[in-house]
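As structure tokens, the structure follows; a few thoughts come after it.
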Amino acid sequence: MAEAADTKKKKSPASAKPARPAGTAVAGKAARPRKSAEPAALQRLRIKVRAYEHKVLDSSVKQILDTALRYDAKVAGPIPLPTEIKKYTVNRSTFIYKNAREQFEMRIHKRLIDILDPSPKVIDALTNLSLPSGVTIDVKMA
């Protein structure tokens with residue numbers, strides 16, 4: 001039995017390659033420079049806008065964009081995010097008629113706006129902006 005185990009040859013994996021030292025290029029291919037991180041001085045104002053009605057949401061996003069562009073700020077967006085749908089199922093009557101049900105849903109529409117390297121004037125103008133009720137805004141500096 002021991003001889004049978006010794007007679008079997010161990011196969012070396014064909015995909016095993018010797019490790020290359022870091023920073024060396026493969027023959028025939030040019031070495032690509034690594035991507036460096038963006039400068040730390042570049043700031044970004046990320047604005048998430050949410051509302052139940054898409055028309056009100058679009059008008060408030062347009063207001064934000066007009067304000068930012070008035071002060072010559074670089075703007076990325078508005079980027080539409082997936083609509084969050086909350087569904088609720090309730091009985092039509094109490095205690096009886098279990099099969100009679102009603103379904104309701106709430107749709108929350110979302111947009112994302114990025115303002116790149118905002119000036120203090122832009123930030124001041126956006127804080128003094130009056131938007132319609134029913135619109136929620138989350139502002140983050142990144």
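Following the order of the structure tokens, chains are lettered A, B, ..., residues in each are numbered from 1, and ligands are numbered from 1.
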Could you give me, as a list in words, the residues within 12 Å of stretch 92-109 of chain A, counting only C-alpha atoms and dropping anything in the same chain fewer than 2 positions from it?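 These residues fall inside the cut-off: Lys48, Val49, Arg50, Ala51, Tyr52, Glu53, His54, Lys55, Val56, Leu57, Asp58, Val61, Ile79, Pro80, Leu81, Pro82, Thr83, Glu84, Ile85, Lys86, Lys87, Tyr88, Thr89, Val90, Arg111, Leu112, Gly134, Val135 and Thr136 of chain A.
Atom pair atom CA of A:Val75 / atom CA of A:Ser133: separated by 24.1 Å.
For the atom pair formed by atom CA of A:Ile113 and atom CA of A:Ser130, the distance is 17.1 Å, given to one decimal.
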What gap, in Å, lies between atom CA of A:Leu42 and atom CA of A:Lys110? 25.5 Å
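Proximity to A:Ile64 at 8 Å, evaluated using only C-alpha atoms and with sequence-adjacent residues fewer than 4 positions away removed, yields Ser60, Ala68, Leu126 and Leu129 of chain A.
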Output C-alpha atoms of each residue in that selection to a file, as a CSV table (one decimal), in the first residue's frame.
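Contents of result.csv, as written:
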```csv
chain,number,residue,atom,x,y,z
A,60,SER,CA,-36.6,72.5,-6.0
A,68,ALA,CA,-25.2,77.2,-7.7
A,126,LEU,CA,-27.8,77.7,-0.6
A,129,LEU,CA,-32.6,79.3,-0.1
```
Residues of stretch 25-140 of chain A in strand (DSSP E or B) according to DSSP, as a PyMOL selection string? chain A and resi 44-51+74-91+101-116+135-140
Output C-alpha atoms of each residue in that selection to a file, as a PDB file, in the first residue's frame.
```pdb
ATOM      1  CA  ARG A  44     -17.331  68.560  -2.495  1.00  0.00           C
ATOM      2  CA  LEU A  45     -20.770  69.524  -1.284  1.00  0.00           C
ATOM      3  CA  ARG A  46     -23.099  66.517  -1.645  1.00  0.00           C
ATOM      4  CA  ILE A  47     -26.805  67.379  -1.556  1.00  0.00           C
ATOM      5  CA  LYS A  48     -29.480  64.659  -1.340  1.00  0.00           C
ATOM      6  CA  VAL A  49     -32.984  65.897  -2.057  1.00  0.00           C
ATOM      7  CA  ARG A  50     -36.059  63.772  -1.240  1.00  0.00           C
ATOM      8  CA  ALA A  51     -39.791  64.343  -1.754  1.00  0.00           C
ATOM      9  CA  LYS A  74     -19.103  73.372 -10.886  1.00  0.00           C
ATOM     10  CA  VAL A  75     -22.168  71.154 -10.562  1.00  0.00           C
ATOM     11  CA  ALA A  76     -22.561  67.413 -11.154  1.00  0.00           C
ATOM     12  CA  GLY A  77     -26.147  66.290 -11.344  1.00  0.00           C
ATOM     13  CA  PRO A  78     -28.985  66.048 -10.685  1.00  0.00           C
ATOM     14  CA  ILE A  79     -28.540  62.301 -10.554  1.00  0.00           C
ATOM     15  CA  PRO A  80     -31.827  60.421 -10.089  1.00  0.00           C
ATOM     16  CA  LEU A  81     -31.548  57.778  -7.371  1.00  0.00           C
ATOM     17  CA  PRO A  82     -33.893  54.771  -7.157  1.00  0.00           C
ATOM     18  CA  THR A  83     -37.389  55.575  -5.936  1.00  0.00           C
ATOM     19  CA  GLU A  84     -38.026  54.113  -2.493  1.00  0.00           C
ATOM     20  CA  ILE A  85     -41.449  52.420  -2.382  1.00  0.00           C
ATOM     21  CA  LYS A  86     -43.090  51.561   0.924  1.00  0.00           C
ATOM     22  CA  LYS A  87     -46.145  49.289   0.604  1.00  0.00           C
ATOM     23  CA  TYR A  88     -48.795  48.755   3.262  1.00  0.00           C
ATOM     24  CA  THR A  89     -51.578  46.147   3.190  1.00  0.00           C
ATOM     25  CA  VAL A  90     -54.580  46.578   5.509  1.00  0.00           C
ATOM     26  CA  ASN A  91     -57.892  44.802   6.023  1.00  0.00           C
ATOM     27  CA  ARG A 101     -57.777  43.898   1.725  1.00  0.00           C
ATOM     28  CA  GLU A 102     -56.508  47.235   0.480  1.00  0.00           C
ATOM     29  CA  GLN A 103     -52.967  48.101  -0.521  1.00  0.00           C
ATOM     30  CA  PHE A 104     -51.354  51.507  -0.217  1.00  0.00           C
ATOM     31  CA  GLU A 105     -47.907  52.703  -1.190  1.00  0.00           C
ATOM     32  CA  MET A 106     -45.712  55.712  -0.533  1.00  0.00           C
ATOM     33  CA  ARG A 107     -43.139  56.670  -3.133  1.00  0.00           C
ATOM     34  CA  ILE A 108     -40.099  58.671  -2.071  1.00  0.00           C
ATOM     35  CA  HIS A 109     -38.313  60.231  -5.049  1.00  0.00           C
ATOM     36  CA  LYS A 110     -34.623  61.110  -4.621  1.00  0.00           C
ATOM     37  CA  ARG A 111     -32.021  63.202  -6.450  1.00  0.00           C
ATOM     38  CA  LEU A 112     -28.304  63.711  -5.825  1.00  0.00           C
ATOM     39  CA  ILE A 113     -26.387  66.916  -6.598  1.00  0.00           C
ATOM     40  CA  ASP A 114     -22.626  67.384  -6.195  1.00  0.00           C
ATOM     41  CA  ILE A 115     -21.135  70.872  -6.069  1.00  0.00           C
ATOM     42  CA  LEU A 116     -17.385  70.669  -6.622  1.00  0.00           C
ATOM     43  CA  VAL A 135     -38.839  68.539   0.344  1.00  0.00           C
ATOM     44  CA  THR A 136     -36.123  67.105   2.585  1.00  0.00           C
ATOM     45  CA  ILE A 137     -32.485  68.062   2.063  1.00  0.00           C
ATOM     46  CA  ASP A 138     -29.352  66.366   3.424  1.00  0.00           C
ATOM     47  CA  VAL A 139     -26.101  68.287   2.926  1.00  0.00           C
ATOM     48  CA  LYS A 140     -22.655  66.754   3.519  1.00  0.00           C
TER      49      LYS A 140
END
```
Quick one: residues within 12 Å of A:Asn128, only C-alpha atoms, excluding same-chain residues fewer than 6 positions away - as an mmCIF file with C-alpha atoms, in the first residue's frame?
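This is the output file around_5.cif:
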```cif
data_model
loop_
_atom_site.group_PDB
_atom_site.id
_atom_site.type_symbol
_atom_site.label_atom_id
_atom_site.label_comp_id
_atom_site.auth_asym_id
_atom_site.auth_seq_id
_atom_site.Cartn_x
_atom_site.Cartn_y
_atom_site.Cartn_z
ATOM 1 C CA GLN A 63 -33.780 76.131 -7.826
ATOM 2 C CA ILE A 64 -30.638 74.658 -6.237
ATOM 3 C CA THR A 67 -28.408 79.215 -7.350
ATOM 4 C CA LYS A 121 -20.815 82.639 -1.449
ATOM 5 C CA VAL A 122 -22.389 79.475 -2.881
#
```
